[in-house]
$ cat input.cif   # mmCIF, C-alpha atoms
data_query
#
loop_
_atom_site.label_atom_id
_atom_site.label_comp_id
_atom_site.auth_asym_id
_atom_site.auth_seq_id
_atom_site.Cartn_x
_atom_site.Cartn_y
_atom_site.Cartn_z
CA MET A 204 69.83 76.08 67.32
CA SER A 205 70.96 76.18 63.73
CA LEU A 206 74.55 75.88 62.63
CA LEU A 207 75.97 77.69 59.65
CA THR A 208 79.53 76.37 59.72
CA PRO A 209 80.60 72.98 61.10
CA ASP A 210 83.35 72.94 63.73
CA SER A 211 85.23 70.21 61.91
CA PRO A 212 86.03 70.73 58.24
CA LEU A 213 85.30 67.02 57.83
CA ALA A 214 81.59 67.37 58.65
CA GLN A 215 79.66 67.15 55.40
CA LYS A 216 76.28 68.26 56.69
CA VAL A 217 74.71 69.87 59.74
CA VAL A 218 71.64 68.16 61.21
CA PRO A 219 70.93 70.35 64.26
CA SER A 220 69.66 68.79 67.48
CA PRO A 221 67.83 70.88 70.07
CA ASN A 222 69.13 68.58 72.81
CA GLN A 223 72.07 70.65 74.00
CA GLY A 224 73.08 73.30 76.50
CA GLU A 225 76.05 75.15 77.94
CA ARG A 226 79.02 73.25 79.31
CA LYS A 227 78.77 73.66 83.06
CA GLY A 228 81.27 76.01 84.60
CA GLY A 229 82.68 76.82 81.20
CA ARG A 230 84.22 73.34 81.11
CA ARG A 231 86.62 72.77 78.24
CA PRO A 232 86.21 69.35 76.61
CA ASP A 233 89.12 67.01 77.28
CA ILE A 234 87.47 63.64 76.55
CA LEU A 235 86.52 62.18 73.18
CA LEU A 236 83.74 59.65 73.74
CA VAL A 237 82.89 57.01 71.12
CA HIS A 238 79.44 55.37 70.93
CA TYR A 239 77.36 53.29 68.58
CA THR A 240 73.79 54.32 67.87
CA GLY A 241 72.26 50.93 68.69
CA MET A 242 69.33 51.58 66.34
CA ARG A 243 68.04 49.88 63.20
CA ASP A 244 69.46 52.38 60.73
CA ALA A 245 70.85 55.89 60.32
CA ALA A 246 67.47 57.50 59.71
CA SER A 247 66.09 56.11 62.98
CA ALA A 248 69.16 57.21 64.90
CA LEU A 249 69.17 60.73 63.48
CA ALA A 250 65.46 61.14 64.18
CA ARG A 251 65.94 60.15 67.81
CA LEU A 252 69.03 62.31 68.30
CA ALA A 253 67.07 65.32 67.02
CA ASP A 254 63.86 64.55 68.94
CA PRO A 255 63.41 66.93 71.90
CA LEU A 256 61.34 64.30 73.70
CA ALA A 257 64.21 61.79 73.55
CA GLU A 258 66.58 64.18 75.36
CA VAL A 259 69.65 62.63 73.76
CA SER A 260 72.11 63.98 71.21
CA CYS A 261 75.75 63.95 70.20
CA HIS A 262 78.19 66.23 68.45
CA TYR A 263 78.84 64.04 65.40
CA VAL A 264 77.33 61.00 63.68
CA VAL A 265 79.47 58.86 61.37
CA LEU A 266 77.49 56.89 58.79
CA GLU A 267 78.49 53.44 57.52
CA ASN A 268 79.80 54.96 54.28
CA GLY A 269 82.06 57.37 56.14
CA ARG A 270 79.91 60.44 55.80
CA ILE A 271 80.13 62.72 58.86
CA LEU A 272 77.17 64.75 60.13
CA GLN A 273 77.29 67.35 62.90
CA MET A 274 74.37 67.76 65.31
CA VAL A 275 75.70 69.95 68.14
CA PRO A 276 78.47 72.60 68.16
CA GLU A 277 81.62 71.39 69.90
CA ALA A 278 81.49 74.28 72.37
CA ALA A 279 78.04 73.15 73.53
CA ARG A 280 77.12 70.34 75.92
CA ALA A 281 75.53 67.46 74.00
CA TRP A 282 73.50 64.87 75.91
CA HIS A 283 75.21 61.62 75.03
CA ALA A 284 76.96 60.18 78.08
CA GLY A 285 74.18 59.85 80.66
CA ALA A 286 75.12 58.69 84.16
CA SER A 287 78.89 58.31 83.81
CA VAL A 288 82.19 58.83 85.59
CA TRP A 289 85.85 59.00 84.60
CA ALA A 290 88.82 59.95 86.77
CA GLY A 291 86.46 61.44 89.35
CA GLU A 292 84.56 63.52 86.77
CA THR A 293 80.81 62.88 86.90
CA ASP A 294 79.58 65.42 84.35
CA ILE A 295 80.98 63.64 81.32
CA ASN A 296 78.66 65.57 79.00
CA SER A 297 80.37 68.84 79.99
CA ALA A 298 83.83 67.24 79.72
CA SER A 299 83.49 65.51 76.37
CA ILE A 300 82.80 65.58 72.66
CA GLY A 301 80.64 62.67 71.57
CA ILE A 302 80.80 60.70 68.32
CA GLU A 303 78.04 58.23 67.43
CA LEU A 304 78.77 55.52 64.86
CA VAL A 305 75.75 54.14 63.05
CA ASN A 306 75.61 50.47 64.06
CA PRO A 307 72.61 48.50 65.34
CA GLY A 308 74.69 47.22 68.23
CA HIS A 309 74.61 44.01 70.21
CA ASP A 310 70.82 43.80 70.19
CA GLY A 311 70.72 44.26 66.42
CA GLY A 312 73.20 41.61 65.30
CA TYR A 313 76.30 43.75 65.93
CA PRO A 314 77.86 43.84 62.44
CA ASP A 315 81.48 44.80 61.94
CA PHE A 316 82.23 48.50 61.57
CA PRO A 317 82.88 49.17 57.84
CA ASP A 318 86.35 50.33 56.86
CA ALA A 319 85.00 53.62 55.50
CA GLN A 320 83.30 54.35 58.82
CA VAL A 321 86.41 53.53 60.84
CA GLU A 322 88.63 55.63 58.57
CA ALA A 323 86.25 58.60 58.85
CA THR A 324 86.14 58.21 62.64
CA ILE A 325 89.93 58.28 62.75
CA ARG A 326 90.11 61.44 60.63
CA LEU A 327 87.44 63.14 62.70
CA GLY A 328 88.96 62.01 66.00
CA LEU A 329 92.43 63.23 65.04
CA ASP A 330 90.97 66.58 64.01
CA ILE A 331 89.07 66.99 67.29
CA THR A 332 91.85 65.81 69.59
CA SER A 333 94.37 68.04 67.82
CA ARG A 334 92.25 71.17 68.06
CA TRP A 335 91.19 70.57 71.69
CA ARG A 336 94.48 68.95 72.78
CA ILE A 337 92.71 65.88 74.14
CA PRO A 338 95.22 63.33 75.52
CA ALA A 339 95.35 59.88 73.96
CA HIS A 340 94.28 58.16 77.20
CA ARG A 341 91.10 60.23 77.26
CA VAL A 342 89.78 58.84 73.98
CA LEU A 343 87.23 56.53 75.53
CA ALA A 344 84.34 54.17 74.93
CA HIS A 345 80.88 54.85 76.31
CA SER A 346 81.28 51.55 78.17
CA ASP A 347 84.41 52.89 79.89
CA VAL A 348 82.54 55.72 81.56
CA SER A 349 79.30 53.77 82.11
CA PRO A 350 80.37 50.19 82.90
CA GLY A 351 77.50 47.77 83.34
CA ARG A 352 75.04 50.27 81.91
CA LYS A 353 76.51 50.61 78.42
CA VAL A 354 78.53 48.27 76.20
CA ASP A 355 79.17 50.49 73.16
CA PRO A 356 80.96 50.72 70.86
CA GLY A 357 81.83 47.19 71.93
CA GLU A 358 84.53 44.60 71.48
CA LYS A 359 84.40 44.74 67.65
CA PHE A 360 85.42 48.38 67.53
CA PRO A 361 89.04 48.49 66.22
CA TRP A 362 90.79 50.54 68.91
CA GLU A 363 94.14 49.12 67.81
CA SER A 364 93.65 50.61 64.34
CA LEU A 365 92.84 53.99 65.86
CA HIS A 366 96.01 53.87 67.94
CA ALA A 367 98.11 52.87 64.92
CA ALA A 368 96.84 56.03 63.22
CA GLY A 369 97.76 58.17 66.25
CA LEU A 370 94.40 58.26 68.00
CA GLY A 371 93.85 56.87 71.50
CA HIS A 372 95.87 54.87 74.00
CA TRP A 373 96.58 51.18 73.45
CA THR A 374 98.99 48.40 74.27
CA SER A 375 99.10 44.94 72.78
CA PRO A 376 96.88 42.74 74.96
CA ALA A 377 98.68 40.07 76.91
CA PRO A 378 97.83 36.64 75.47
CA LEU A 379 95.16 34.50 77.04
CA GLY A 380 96.55 31.65 79.09
CA ASP A 381 96.84 30.01 82.44
CA GLY A 382 97.46 31.94 85.62
CA ARG A 383 95.74 33.22 88.73
CA SER A 384 92.41 34.88 88.12
CA PHE A 385 89.98 36.77 90.33
CA GLY A 386 86.22 36.86 90.09
CA PRO A 387 82.92 37.65 91.80
CA GLY A 388 82.80 37.17 95.55
CA GLU A 389 86.54 37.10 96.17
CA GLU A 390 88.05 39.42 98.74
CA GLY A 391 91.44 40.55 99.94
CA GLN A 392 94.53 42.52 99.06
CA PRO A 393 94.81 41.30 95.45
CA ILE A 394 91.28 42.56 94.76
CA GLN A 395 92.14 45.86 96.40
CA ALA A 396 95.24 46.15 94.20
CA LEU A 397 93.20 45.38 91.08
CA GLN A 398 90.61 48.01 91.99
CA ALA A 399 93.34 50.53 92.69
CA MET A 400 94.90 50.00 89.26
CA LEU A 401 91.55 50.32 87.49
CA ALA A 402 90.79 53.50 89.43
CA MET A 403 94.29 54.82 88.67
CA TYR A 404 93.61 54.43 84.97
CA GLY A 405 90.34 56.33 85.33
CA TYR A 406 87.52 53.87 85.93
CA GLY A 407 84.94 54.84 88.53
CA LEU A 408 85.48 52.20 91.19
CA ASP A 409 85.70 52.14 94.97
CA ILE A 410 88.71 50.36 96.45
CA SER A 411 86.87 48.01 98.79
CA GLY A 412 88.86 44.80 98.48
CA VAL A 413 85.67 42.97 97.48
CA PHE A 414 85.09 41.72 93.92
CA ASP A 415 81.53 42.99 93.83
CA PRO A 416 79.16 43.45 90.83
CA ARG A 417 80.55 46.93 90.16
CA THR A 418 84.09 45.54 89.96
CA GLU A 419 82.92 42.80 87.59
CA ALA A 420 81.25 45.42 85.36
CA VAL A 421 84.39 47.58 85.30
CA VAL A 422 86.63 44.60 84.48
CA ALA A 423 84.29 43.67 81.61
CA ALA A 424 84.35 47.27 80.34
CA PHE A 425 88.14 47.26 80.46
CA GLN A 426 88.27 43.98 78.55
CA ARG A 427 85.78 45.23 75.96
CA HIS A 428 88.11 48.12 75.14
CA PHE A 429 91.60 46.81 75.79
CA ARG A 430 91.45 42.97 75.81
CA PRO A 431 88.53 42.15 73.51
CA ALA A 432 89.44 38.51 72.83
CA LEU A 433 87.45 37.48 75.93
CA VAL A 434 84.95 39.71 77.72
CA ASP A 435 83.78 37.85 80.82
CA GLY A 436 84.37 40.20 83.77
CA VAL A 437 86.95 37.85 85.30
CA ALA A 438 90.31 39.43 86.08
CA ASP A 439 92.63 36.80 84.61
CA ALA A 440 96.38 37.14 84.16
CA SER A 441 95.96 38.56 80.65
CA THR A 442 93.60 41.30 81.87
CA ILE A 443 95.83 42.28 84.80
CA THR A 444 99.02 42.32 82.70
CA THR A 445 97.36 44.41 79.99
CA LEU A 446 96.13 46.87 82.62
CA ARG A 447 99.61 47.19 84.10
CA ASP A 448 101.12 47.76 80.66
CA LEU A 449 98.59 50.49 79.91
CA ILE A 450 99.31 52.29 83.16
CA ARG A 451 103.06 52.09 82.54
CA SER A 452 102.76 53.38 78.97
CA ARG A 453 100.43 56.28 79.75
CA PRO A 454 102.23 59.61 79.42
CA GLU A 455 102.65 61.60 82.60
CA PRO A 456 100.45 64.73 82.71
CA ALA A 457 102.20 67.95 81.75
CA ALA A 458 103.44 70.01 84.68
#

$ encode --input "input.cif" --output "structure tokens"
Amino acid sequence: MSLLTPDSPLAQKVVPSPNQGERKGGRRPDILLVHYTGMRDAASALARLADPLAEVSCHYVVLENGRILQMVPEAARAWHAGASVWAGETDINSASIGIELVNPGHDGGYPDFPDAQVEATIRLGLDITSRWRIPAHRVLAHSDVSPGRKVDPGEKFPWESLHAAGLGHWTSPAPLGDGRSFGPGEEGQPIQALQAMLAMYGYGLDISGVFDPRTEAVVAAFQRHFRPALVDGVADASTITTLRDLIRSRPEPAA
């Protein structure tokens, strides 16, 4: 499919990807999902995202210098989320608009995201969320919807800066320190309460009362986004307090 006019006025070029389809059931996007490309450079990432054999794509790519490229129309279903879940939704591709930031990722040295790239992501994200009325708490990381399977955009991504500019949900992380913590293998009511809070926020997690590998992966995903000072999958006092503060500060859905 070729595009003549970008959806966002901020897109500087259209690089069409064939890897797209219709949003299932006419689903309206209400999630903005942020990724990193995890490839050596922009050329490699763009080639893969446009390769029909790769069967992956996204709506927008943000280069290190802040240039924004569009690959799939916003009304279409790009193939960027893979096996994912959020707030009971399992077809995240139909529910979201995906932005890929060019960055080689954890396996490629994981450099900091340049200021120009972050600023462009903020402008693009504000434009998208305004036009589609996407709530702040549904501006998410790929790792949020695919814990244990994906880690992007990772703990270096400046979510706090996005929030300061009006994009995304955030609360100041509780400081690291002493206190009761919960980890793999533990069972009981405190674990059940932790799982219930994570599920309440949106993470795909069964409330079993057992701190199993899935719970560890979800806790690590939460830390990577909201408490990045230490990502270890252990639910310490800082993690639990930050989670509670996020739940309390999340706006109630409109009636």

$ resolve_selection --input "input.cif" --expression "the PyMOL selection byres ((chain A and resi 220) around 7)" --output "list in words"
Val218, Pro219, Pro221, Asn222, Leu252, Ala253, Ser260, Met274 and Val275 of chain A

$ residues_around --input "input.cif" --residues "Ala319 (chain A)" --least-positions-apart "2" --cutoff "8 Å" --atoms "all atoms listed in the file" --output "short mmCIF file (atom, residue, chain, number, x, y, z; two decimals) with C-alpha atoms, keeping the file's coordinate frame"
data_model
loop_
_atom_site.label_atom_id
_atom_site.label_comp_id
_atom_site.auth_asym_id
_atom_site.auth_seq_id
_atom_site.Cartn_x
_atom_site.Cartn_y
_atom_site.Cartn_z
CA GLU A 267 78.49 53.44 57.52
CA ASN A 268 79.80 54.96 54.28
CA GLY A 269 82.06 57.37 56.14
CA PRO A 317 82.88 49.17 57.84
CA VAL A 321 86.41 53.53 60.84
CA GLU A 322 88.63 55.63 58.57
CA ALA A 323 86.25 58.60 58.85
#

$ closest_residue --input "input.cif" --among "A:His372, A:His262, A:Arg447, A:Arg430" --to "His340 (chain A)" --atoms "only C-alpha atoms"
A:His372

$ resolve_selection --input "input.cif" --expression "the PyMOL selection byres ((chain A and resi 235-250) around 6)" --output "number ranges by chain"
A: 234, 251-253, 299-308, 342-345, 355-356

$ closest_residue --input "input.cif" --among "A:Thr444, A:Ser452, A:Thr418, A:Ser364" --to "Gly380 (chain A)" --atoms "all atoms listed in the file"
A:Thr444

$ resolve_selection --input "input.cif" --expression "the PyMOL selection byres ((chain A and resi 402) around 12)" --output "list in words"
Val288, Trp289, Ala290, Gly291, Asp347, Val348, Gln395, Ala396, Leu397, Gln398, Ala399, Met400, Leu401, Met403, Tyr404, Gly405, Tyr406, Gly407, Leu408, Asp409, Ile410, Ser411, Thr418, Val421, Val422, Phe425, Leu446 and Ile450 of chain A

$ residues_around --input "input.cif" --residues "Gly224 (chain A)" --least-positions-apart "4" --cutoff "8 Å" --atoms "all atoms listed in the file" --output "list of chain:residue names"
A:Ala279, A:Arg280, A:Ala281

$ closest_residue --input "input.cif" --among "A:Ser346, A:Gln215, A:Gln320, A:Gln426" --to "Leu266 (chain A)" --atoms "all atoms listed in the file"
A:Gln320

$ closest_residue --input "input.cif" --among "A:Asn296, A:Thr442, A:Gln273, A:Gln223" --to "Asp210 (chain A)" --atoms "only C-alpha atoms"
A:Gln273

$ residues_around --input "input.cif" --residues "Lys216 (chain A)" --least-positions-apart "6" --cutoff "8 Å" --atoms "all atoms listed in the file" --output "tab-separated table (two decimals) with C-alpha atoms, keeping the file's coordinate frame"
chain	number	residue	atom	x	y	z
A	209	PRO	CA	80.60	72.98	61.10
A	271	ILE	CA	80.13	62.72	58.86
A	272	LEU	CA	77.17	64.75	60.13
A	273	GLN	CA	77.29	67.35	62.90

$ decode --input "input.cif" --residues "region 402-416 of chain A" --atoms "all heavy atoms" --output "PDB file, in the first residue's frame"
ATOM      1  N   ALA A 402      -2.499  -6.452  38.090  1.00  0.00           N
ATOM      2  CA  ALA A 402      -3.588  -6.714  37.150  1.00  0.00           C
ATOM      3  C   ALA A 402      -4.541  -5.518  37.075  1.00  0.00           C
ATOM      4  O   ALA A 402      -5.050  -5.182  36.000  1.00  0.00           O
ATOM      5  CB  ALA A 402      -4.334  -7.979  37.541  1.00  0.00           C
ATOM      6  N   MET A 403      -4.777  -4.864  38.195  1.00  0.00           N
ATOM      7  CA  MET A 403      -5.647  -3.687  38.220  1.00  0.00           C
ATOM      8  C   MET A 403      -5.077  -2.580  37.351  1.00  0.00           C
ATOM      9  O   MET A 403      -5.819  -1.865  36.653  1.00  0.00           O
ATOM     10  CB  MET A 403      -5.808  -3.177  39.661  1.00  0.00           C
ATOM     11  CG  MET A 403      -6.729  -1.990  39.815  1.00  0.00           C
ATOM     12  SD  MET A 403      -6.750  -1.350  41.516  1.00  0.00           S
ATOM     13  CE  MET A 403      -7.267  -2.819  42.408  1.00  0.00           C
ATOM     14  N   TYR A 404      -3.755  -2.453  37.346  1.00  0.00           N
ATOM     15  CA  TYR A 404      -3.142  -1.414  36.522  1.00  0.00           C
ATOM     16  C   TYR A 404      -3.219  -1.771  35.040  1.00  0.00           C
ATOM     17  O   TYR A 404      -3.269  -0.879  34.186  1.00  0.00           O
ATOM     18  CB  TYR A 404      -1.692  -1.154  36.935  1.00  0.00           C
ATOM     19  CG  TYR A 404      -1.185   0.136  36.351  1.00  0.00           C
ATOM     20  CD1 TYR A 404      -1.610   1.364  36.862  1.00  0.00           C
ATOM     21  CD2 TYR A 404      -0.334   0.151  35.264  1.00  0.00           C
ATOM     22  CE1 TYR A 404      -1.197   2.565  36.292  1.00  0.00           C
ATOM     23  CE2 TYR A 404       0.095   1.332  34.690  1.00  0.00           C
ATOM     24  CZ  TYR A 404      -0.344   2.542  35.206  1.00  0.00           C
ATOM     25  OH  TYR A 404       0.053   3.738  34.633  1.00  0.00           O
ATOM     26  N   GLY A 405      -3.237  -3.070  34.730  1.00  0.00           N
ATOM     27  CA  GLY A 405      -3.368  -3.485  33.336  1.00  0.00           C
ATOM     28  C   GLY A 405      -2.522  -4.670  32.933  1.00  0.00           C
ATOM     29  O   GLY A 405      -2.753  -5.272  31.873  1.00  0.00           O
ATOM     30  N   TYR A 406      -1.554  -5.037  33.748  1.00  0.00           N
ATOM     31  CA  TYR A 406      -0.655  -6.134  33.382  1.00  0.00           C
ATOM     32  C   TYR A 406      -1.404  -7.462  33.309  1.00  0.00           C
ATOM     33  O   TYR A 406      -2.305  -7.731  34.109  1.00  0.00           O
ATOM     34  CB  TYR A 406       0.494  -6.237  34.381  1.00  0.00           C
ATOM     35  CG  TYR A 406       1.489  -5.112  34.257  1.00  0.00           C
ATOM     36  CD1 TYR A 406       1.367  -3.959  35.029  1.00  0.00           C
ATOM     37  CD2 TYR A 406       2.534  -5.174  33.337  1.00  0.00           C
ATOM     38  CE1 TYR A 406       2.263  -2.901  34.903  1.00  0.00           C
ATOM     39  CE2 TYR A 406       3.428  -4.129  33.202  1.00  0.00           C
ATOM     40  CZ  TYR A 406       3.294  -3.001  33.987  1.00  0.00           C
ATOM     41  OH  TYR A 406       4.179  -1.957  33.845  1.00  0.00           O
ATOM     42  N   GLY A 407      -1.024  -8.280  32.344  1.00  0.00           N
ATOM     43  CA  GLY A 407      -1.646  -9.581  32.164  1.00  0.00           C
ATOM     44  C   GLY A 407      -1.083 -10.580  33.155  1.00  0.00           C
ATOM     45  O   GLY A 407       0.014 -11.124  32.954  1.00  0.00           O
ATOM     46  N   LEU A 408      -1.813 -10.823  34.235  1.00  0.00           N
ATOM     47  CA  LEU A 408      -1.295 -11.655  35.314  1.00  0.00           C
ATOM     48  C   LEU A 408      -2.437 -12.323  36.057  1.00  0.00           C
ATOM     49  O   LEU A 408      -3.402 -11.666  36.462  1.00  0.00           O
ATOM     50  CB  LEU A 408      -0.493 -10.771  36.284  1.00  0.00           C
ATOM     51  CG  LEU A 408       0.285 -11.454  37.395  1.00  0.00           C
ATOM     52  CD1 LEU A 408       1.341 -12.395  36.826  1.00  0.00           C
ATOM     53  CD2 LEU A 408       0.934 -10.413  38.300  1.00  0.00           C
ATOM     54  N   ASP A 409      -2.332 -13.639  36.249  1.00  0.00           N
ATOM     55  CA  ASP A 409      -3.314 -14.361  37.047  1.00  0.00           C
ATOM     56  C   ASP A 409      -3.066 -14.106  38.529  1.00  0.00           C
ATOM     57  O   ASP A 409      -1.914 -13.972  38.972  1.00  0.00           O
ATOM     58  CB  ASP A 409      -3.225 -15.865  36.782  1.00  0.00           C
ATOM     59  CG  ASP A 409      -3.663 -16.244  35.376  1.00  0.00           C
ATOM     60  OD1 ASP A 409      -4.485 -15.503  34.797  1.00  0.00           O
ATOM     61  OD2 ASP A 409      -3.176 -17.265  34.864  1.00  0.00           O
ATOM     62  N   ILE A 410      -4.146 -14.051  39.288  1.00  0.00           N
ATOM     63  CA  ILE A 410      -4.037 -13.816  40.732  1.00  0.00           C
ATOM     64  C   ILE A 410      -4.044 -15.178  41.421  1.00  0.00           C
ATOM     65  O   ILE A 410      -5.092 -15.695  41.837  1.00  0.00           O
ATOM     66  CB  ILE A 410      -5.179 -12.908  41.214  1.00  0.00           C
ATOM     67  CG1 ILE A 410      -5.167 -11.599  40.426  1.00  0.00           C
ATOM     68  CG2 ILE A 410      -5.046 -12.617  42.710  1.00  0.00           C
ATOM     69  CD1 ILE A 410      -6.368 -10.720  40.650  1.00  0.00           C
ATOM     70  N   SER A 411      -2.868 -15.770  41.528  1.00  0.00           N
ATOM     71  CA  SER A 411      -2.732 -17.132  42.043  1.00  0.00           C
ATOM     72  C   SER A 411      -2.234 -17.198  43.481  1.00  0.00           C
ATOM     73  O   SER A 411      -2.361 -18.231  44.142  1.00  0.00           O
ATOM     74  CB  SER A 411      -1.752 -17.914  41.156  1.00  0.00           C
ATOM     75  OG  SER A 411      -0.452 -17.352  41.250  1.00  0.00           O
ATOM     76  N   GLY A 412      -1.633 -16.109  43.955  1.00  0.00           N
ATOM     77  CA  GLY A 412      -1.023 -16.130  45.275  1.00  0.00           C
ATOM     78  C   GLY A 412       0.346 -16.783  45.294  1.00  0.00           C
ATOM     79  O   GLY A 412       0.926 -16.960  46.361  1.00  0.00           O
ATOM     80  N   VAL A 413       0.882 -17.103  44.135  1.00  0.00           N
ATOM     81  CA  VAL A 413       2.203 -17.724  44.018  1.00  0.00           C
ATOM     82  C   VAL A 413       3.104 -16.802  43.194  1.00  0.00           C
ATOM     83  O   VAL A 413       2.749 -16.404  42.087  1.00  0.00           O
ATOM     84  CB  VAL A 413       2.126 -19.112  43.352  1.00  0.00           C
ATOM     85  CG1 VAL A 413       3.519 -19.716  43.206  1.00  0.00           C
ATOM     86  CG2 VAL A 413       1.209 -20.029  44.130  1.00  0.00           C
ATOM     87  N   PHE A 414       4.282 -16.475  43.731  1.00  0.00           N
ATOM     88  CA  PHE A 414       5.225 -15.632  43.008  1.00  0.00           C
ATOM     89  C   PHE A 414       5.973 -16.525  42.020  1.00  0.00           C
ATOM     90  O   PHE A 414       7.079 -16.997  42.255  1.00  0.00           O
ATOM     91  CB  PHE A 414       6.205 -14.962  43.987  1.00  0.00           C
ATOM     92  CG  PHE A 414       6.844 -13.704  43.456  1.00  0.00           C
ATOM     93  CD1 PHE A 414       6.573 -12.469  44.032  1.00  0.00           C
ATOM     94  CD2 PHE A 414       7.717 -13.747  42.379  1.00  0.00           C
ATOM     95  CE1 PHE A 414       7.169 -11.306  43.554  1.00  0.00           C
ATOM     96  CE2 PHE A 414       8.309 -12.606  41.889  1.00  0.00           C
ATOM     97  CZ  PHE A 414       8.043 -11.372  42.482  1.00  0.00           C
ATOM     98  N   ASP A 415       5.321 -16.733  40.868  1.00  0.00           N
ATOM     99  CA  ASP A 415       5.830 -17.652  39.858  1.00  0.00           C
ATOM    100  C   ASP A 415       6.666 -16.876  38.831  1.00  0.00           C
ATOM    101  O   ASP A 415       6.816 -15.656  38.936  1.00  0.00           O
ATOM    102  CB  ASP A 415       4.669 -18.385  39.193  1.00  0.00           C
ATOM    103  CG  ASP A 415       3.615 -17.442  38.629  1.00  0.00           C
ATOM    104  OD1 ASP A 415       3.879 -16.224  38.520  1.00  0.00           O
ATOM    105  OD2 ASP A 415       2.514 -17.916  38.289  1.00  0.00           O
ATOM    106  N   PRO A 416       7.242 -17.556  37.820  1.00  0.00           N
ATOM    107  CA  PRO A 416       8.054 -16.847  36.822  1.00  0.00           C
ATOM    108  C   PRO A 416       7.298 -15.742  36.088  1.00  0.00           C
ATOM    109  O   PRO A 416       7.890 -14.712  35.740  1.00  0.00           O
ATOM    110  CB  PRO A 416       8.489 -17.973  35.877  1.00  0.00           C
ATOM    111  CG  PRO A 416       8.534 -19.190  36.745  1.00  0.00           C
ATOM    112  CD  PRO A 416       7.375 -19.035  37.685  1.00  0.00           C
TER     113      PRO A 416
END
